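Enquirer: work-v9.txt is reproduced below (compact mmCIF, C-alpha atoms).
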# COMPACT_ATOMS: atom_id res chain seq x y z
CA MET A 1 28.75 81.57 113.49
CA GLU A 2 31.63 79.21 114.14
CA THR A 3 33.42 77.76 111.13
CA LEU A 4 34.63 74.19 110.98
CA LYS A 5 38.24 75.38 111.22
CA ASP A 6 37.40 77.30 114.41
CA ARG A 7 35.79 74.18 115.84
CA LEU A 8 38.88 72.11 114.98
CA ARG A 9 41.14 74.67 116.66
CA ALA A 10 38.96 74.77 119.78
CA ASP A 11 38.84 70.97 119.92
CA MET A 12 42.61 70.79 119.54
CA THR A 13 43.00 72.97 122.63
CA ALA A 14 40.46 70.88 124.52
CA HIS A 15 42.22 67.62 123.58
CA LEU A 16 45.56 69.11 124.59
CA LYS A 17 44.22 70.06 128.03
CA ALA A 18 42.45 66.71 128.47
CA GLY A 19 45.50 64.70 127.39
CA ASN A 20 43.69 62.88 124.54
CA LYS A 21 46.75 62.02 122.48
CA VAL A 22 45.09 60.26 119.53
CA GLU A 23 42.42 62.94 119.10
CA LEU A 24 45.00 65.70 119.50
CA THR A 25 47.31 64.22 116.88
CA THR A 26 44.45 63.64 114.45
CA VAL A 27 43.07 67.18 114.77
CA ARG A 28 46.58 68.67 114.51
CA ASN A 29 47.17 66.70 111.32
CA LEU A 30 43.87 67.94 109.88
CA LEU A 31 44.67 71.56 110.70
CA GLY A 32 48.12 71.09 109.17
CA GLU A 33 46.56 69.74 105.98
CA ILE A 34 44.13 72.68 105.85
CA ASN A 35 47.05 75.09 106.38
CA THR A 36 49.03 73.42 103.60
CA ARG A 37 46.10 73.72 101.19
CA GLU A 38 45.55 77.37 102.07
CA LYS A 39 49.18 78.42 101.74
CA GLY A 40 50.44 75.85 99.24
CA GLY A 41 49.35 77.48 96.00
CA LYS A 42 50.75 80.47 94.18
CA THR A 43 48.34 82.74 96.02
CA PRO A 44 47.12 82.13 99.57
CA LEU A 45 43.43 81.36 99.91
CA GLU A 46 40.94 80.83 102.71
CA LEU A 47 39.11 77.48 102.65
CA ASP A 48 35.40 77.74 103.38
CA ASP A 49 33.43 75.07 105.25
CA ALA A 50 32.50 73.22 102.04
CA ALA A 51 36.17 72.91 101.05
CA VAL A 52 37.12 71.82 104.58
CA ILE A 53 34.34 69.19 104.56
CA SER A 54 35.63 67.89 101.23
CA LEU A 55 39.15 67.71 102.65
CA LEU A 56 37.90 65.87 105.76
CA GLN A 57 36.02 63.36 103.61
CA LYS A 58 39.18 62.62 101.65
CA GLU A 59 41.24 62.27 104.83
CA ALA A 60 38.69 59.89 106.39
CA ALA A 61 38.61 57.80 103.21
CA ARG A 62 42.41 57.72 103.16
CA ARG A 63 42.46 56.45 106.77
CA ARG A 64 39.91 53.73 105.92
CA GLU A 65 41.95 52.60 102.90
CA THR A 66 45.12 52.49 104.99
CA ALA A 67 43.31 50.44 107.64
CA VAL A 68 42.31 47.88 104.99
CA THR A 69 45.92 47.70 103.79
CA TYR A 70 47.17 47.16 107.35
CA THR A 71 44.53 44.49 107.97
CA GLU A 72 45.55 42.62 104.81
CA ALA A 73 49.18 42.82 105.95
CA GLY A 74 48.23 41.34 109.32
CA GLN A 75 48.95 44.47 111.34
CA VAL A 76 45.71 44.63 113.29
CA GLU A 77 46.87 47.23 115.84
CA ARG A 78 47.87 49.74 113.16
CA ALA A 79 44.61 49.09 111.30
CA ALA A 80 42.64 49.78 114.49
CA ALA A 81 44.54 53.05 114.98
CA GLU A 82 43.67 54.16 111.44
CA GLU A 83 40.01 53.22 111.99
CA GLN A 84 40.00 55.24 115.20
CA GLU A 85 41.42 58.28 113.40
CA ALA A 86 38.82 57.90 110.62
CA ALA A 87 36.05 57.84 113.24
CA ILE A 88 37.43 61.02 114.84
CA ILE A 89 37.50 62.76 111.45
CA GLU A 90 34.00 61.58 110.52
CA ALA A 91 32.64 63.13 113.73
CA TYR A 92 33.29 66.54 112.13
CA LEU A 93 31.41 65.69 108.92
CA PRO A 94 27.73 66.49 108.48
CA ALA A 95 25.35 63.55 108.80
CA ALA A 96 25.01 61.58 105.58
CA LEU A 97 21.72 61.66 103.72
CA THR A 98 19.63 58.57 103.12
CA GLU A 99 18.76 57.64 99.56
CA ASP A 100 15.16 58.77 100.11
CA GLU A 101 16.32 62.16 101.41
CA ALA A 102 18.59 62.62 98.39
CA LYS A 103 15.76 61.68 96.01
CA ALA A 104 13.50 64.18 97.77
CA ILE A 105 16.08 66.95 97.26
CA VAL A 106 16.40 66.07 93.56
CA ALA A 107 12.61 66.06 93.13
CA GLU A 108 12.33 69.38 95.00
CA VAL A 109 14.93 71.09 92.78
CA VAL A 110 13.37 69.73 89.57
CA ALA A 111 9.88 70.78 90.71
CA GLY A 112 11.19 74.23 91.62
CA LEU A 113 12.82 74.72 88.22
CA ARG A 114 9.68 73.53 86.43
CA ALA A 115 7.57 75.90 88.54
CA ASP A 116 9.81 78.76 87.37
CA GLY A 117 8.80 77.90 83.81
CA SER A 118 11.98 76.09 82.81
CA GLU A 119 11.51 73.27 80.37
CA LEU A 120 13.77 70.54 81.67
CA GLY A 121 15.47 67.87 79.63
CA MET A 122 18.84 66.20 79.57
CA ARG A 123 20.41 69.42 78.25
CA GLN A 124 19.56 71.15 81.55
CA MET A 125 21.15 68.43 83.67
CA GLY A 126 24.07 70.71 84.55
CA THR A 127 21.72 73.38 85.88
CA VAL A 128 19.86 70.85 88.00
CA MET A 129 23.05 69.18 89.23
CA LYS A 130 24.50 72.52 90.31
CA GLN A 131 21.52 73.26 92.55
CA VAL A 132 21.26 69.71 93.87
CA THR A 133 24.98 69.58 94.64
CA GLU A 134 24.70 72.80 96.68
CA LYS A 135 21.97 71.23 98.82
CA VAL A 136 23.56 67.78 99.12
CA ALA A 137 27.05 69.26 99.75
CA GLY A 138 29.07 66.07 100.12
CA ARG A 139 26.51 64.23 102.23
CA PHE A 140 25.66 61.71 99.49
CA ASP A 141 27.56 59.99 96.66
CA GLY A 142 27.86 62.31 93.64
CA LYS A 143 27.50 59.55 91.06
CA ALA A 144 24.32 58.29 92.70
CA VAL A 145 22.92 61.86 92.74
CA SER A 146 23.78 62.20 89.06
CA ASN A 147 21.87 58.98 88.30
CA MET A 148 18.88 60.27 90.30
CA VAL A 149 18.85 63.54 88.36
CA ARG A 150 19.18 61.67 85.08
CA ALA A 151 16.20 59.44 86.02
CA GLU A 152 14.13 62.45 87.10
CA LEU A 153 14.79 64.30 83.84
CA ALA A 154 14.20 61.31 81.58
Could I get this structure in the form of structure tokens?

Expert:
Amino acid sequence: METLKDRLRADMTAHLKAGNKVELTTVRNLLGEINTREKGGKTPLELDDAAVISLLQKEAARRRETAVTYTEAGQVERAAAEEQEAAIIEAYLPAALTEDEAKAIVAEVVAGLRADGSELGMRQMGTVMKQVTEKVAGRFDGKAVSNMVRAELA
């Protein structure tokens, strides 16, 4: 199975051969950021897909924020370039969940834990959140998921 890093590397080669400068630069920057994270600490580590997805989400958000700053400063061309890079990055992210899908996942986890004989209350919120977070995996806002779990357990 291909990892997200493998896909980024393959796409970088494809963009290089096709002459897609913006895509190439964006993907190179992402791979550089991943490399920095892996080798930047005291001990080298290998980022898994979940960590790479988290990094990509942060990078896309950073590009969007920069675009807003450029727009406010009247530099429309630079803002458009940042928006384009954010769109390229977001193409690598998994599809976001709808609110109904996220609620269904929360209900499924709570029902599963209750079926196992667990008595659920607010004290078990951490247990529920851990399982829900694994299934949602950055595809929905964490605070909103927390509120959903809190409502389900109340």

Enquirer: Got a sec to check which residues sit within 9 Å of (36.4, 62.7, 108.7), counting only C-alpha atoms, and write them as a list in words?

Expert: Ile53, Leu55, Leu56, Gln57, Lys58, Glu59, Ala60, Ala61, Arg63, Glu85, Ala86, Ala87, Ile88, Ile89, Glu90, Ala91, Tyr92 and Leu93 of chain A

Enquirer: What lies within 12 Å of range 97-111 of chain A using all atoms listed in the file, ignoring chain neighbours under 4 positions off, as a PyMOL selection string?

Expert: chain A and resi 93+115-122+124-154

Enquirer: Find the distance between CA of Thr3 in chain A and CA of Asp49 in chain A and write it in Å to one decimal.

Expert: 6.5 Å

Enquirer: One number please: CA of Val27 in chain A to CA of Ala51 in chain A, in Å, one decimal.

Expert: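 Separation of CA of Val27 in chain A and CA of Ala51 in chain A: 16.4 Å.
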
Enquirer: Report, in Å with one decimal, the straight-line distance from CA of Arg64 in chain A to CA of Thr26 in chain A.

Expert: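 Here the two named atoms are 13.8 Å from each other.
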
Enquirer: Since the input lacks atoms, please generate N, CA, C and O atoms for range 50-64 of chain A and provide them as a PDB file, keeping the file's coordinate frame.

Expert:
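Done, and the output landed in part_31.pdb:
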ATOM      1  N   ALA A  50      32.720  74.260 103.052  1.00  0.00           N
ATOM      2  CA  ALA A  50      32.500  73.220 102.040  1.00  0.00           C
ATOM      3  C   ALA A  50      33.830  72.594 101.616  1.00  0.00           C
ATOM      4  O   ALA A  50      33.930  71.372 101.479  1.00  0.00           O
ATOM      5  N   ALA A  51      34.854  73.421 101.435  1.00  0.00           N
ATOM      6  CA  ALA A  51      36.170  72.910 101.050  1.00  0.00           C
ATOM      7  C   ALA A  51      36.793  72.100 102.193  1.00  0.00           C
ATOM      8  O   ALA A  51      37.436  71.068 101.954  1.00  0.00           O
ATOM      9  N   VAL A  52      36.591  72.546 103.424  1.00  0.00           N
ATOM     10  CA  VAL A  52      37.120  71.820 104.580  1.00  0.00           C
ATOM     11  C   VAL A  52      36.410  70.470 104.709  1.00  0.00           C
ATOM     12  O   VAL A  52      37.053  69.447 104.967  1.00  0.00           O
ATOM     13  N   ILE A  53      35.099  70.452 104.496  1.00  0.00           N
ATOM     14  CA  ILE A  53      34.340  69.190 104.560  1.00  0.00           C
ATOM     15  C   ILE A  53      34.853  68.225 103.502  1.00  0.00           C
ATOM     16  O   ILE A  53      35.060  67.039 103.772  1.00  0.00           O
ATOM     17  N   SER A  54      35.084  68.730 102.302  1.00  0.00           N
ATOM     18  CA  SER A  54      35.630  67.890 101.230  1.00  0.00           C
ATOM     19  C   SER A  54      36.986  67.312 101.618  1.00  0.00           C
ATOM     20  O   SER A  54      37.254  66.125 101.411  1.00  0.00           O
ATOM     21  N   LEU A  55      37.831  68.150 102.204  1.00  0.00           N
ATOM     22  CA  LEU A  55      39.150  67.710 102.650  1.00  0.00           C
ATOM     23  C   LEU A  55      39.015  66.638 103.739  1.00  0.00           C
ATOM     24  O   LEU A  55      39.705  65.607 103.697  1.00  0.00           O
ATOM     25  N   LEU A  56      38.103  66.844 104.688  1.00  0.00           N
ATOM     26  CA  LEU A  56      37.900  65.870 105.760  1.00  0.00           C
ATOM     27  C   LEU A  56      37.391  64.539 105.212  1.00  0.00           C
ATOM     28  O   LEU A  56      37.799  63.475 105.690  1.00  0.00           O
ATOM     29  N   GLN A  57      36.516  64.598 104.219  1.00  0.00           N
ATOM     30  CA  GLN A  57      36.020  63.360 103.610  1.00  0.00           C
ATOM     31  C   GLN A  57      37.166  62.574 102.977  1.00  0.00           C
ATOM     32  O   GLN A  57      37.255  61.351 103.118  1.00  0.00           O
ATOM     33  N   LYS A  58      38.037  63.281 102.283  1.00  0.00           N
ATOM     34  CA  LYS A  58      39.180  62.620 101.650  1.00  0.00           C
ATOM     35  C   LYS A  58      40.125  62.026 102.696  1.00  0.00           C
ATOM     36  O   LYS A  58      40.629  60.911 102.525  1.00  0.00           O
ATOM     37  N   GLU A  59      40.356  62.756 103.769  1.00  0.00           N
ATOM     38  CA  GLU A  59      41.240  62.270 104.830  1.00  0.00           C
ATOM     39  C   GLU A  59      40.650  61.032 105.514  1.00  0.00           C
ATOM     40  O   GLU A  59      41.362  60.073 105.807  1.00  0.00           O
ATOM     41  N   ALA A  60      39.346  61.053 105.763  1.00  0.00           N
ATOM     42  CA  ALA A  60      38.690  59.890 106.390  1.00  0.00           C
ATOM     43  C   ALA A  60      38.773  58.683 105.457  1.00  0.00           C
ATOM     44  O   ALA A  60      39.080  57.564 105.905  1.00  0.00           O
ATOM     45  N   ALA A  61      38.524  58.906 104.172  1.00  0.00           N
ATOM     46  CA  ALA A  61      38.610  57.800 103.210  1.00  0.00           C
ATOM     47  C   ALA A  61      40.032  57.257 103.140  1.00  0.00           C
ATOM     48  O   ALA A  61      40.231  56.038 103.059  1.00  0.00           O
ATOM     49  N   ARG A  62      41.013  58.150 103.198  1.00  0.00           N
ATOM     50  CA  ARG A  62      42.410  57.720 103.160  1.00  0.00           C
ATOM     51  C   ARG A  62      42.734  56.845 104.381  1.00  0.00           C
ATOM     52  O   ARG A  62      43.405  55.827 104.271  1.00  0.00           O
ATOM     53  N   ARG A  63      42.228  57.242 105.553  1.00  0.00           N
ATOM     54  CA  ARG A  63      42.460  56.450 106.770  1.00  0.00           C
ATOM     55  C   ARG A  63      41.815  55.071 106.639  1.00  0.00           C
ATOM     56  O   ARG A  63      42.396  54.069 107.031  1.00  0.00           O
ATOM     57  N   ARG A  64      40.610  55.018 106.091  1.00  0.00           N
ATOM     58  CA  ARG A  64      39.910  53.730 105.920  1.00  0.00           C
ATOM     59  C   ARG A  64      40.680  52.817 104.959  1.00  0.00           C
ATOM     60  O   ARG A  64      40.821  51.622 105.211  1.00  0.00           O
TER      61      ARG A  64
END
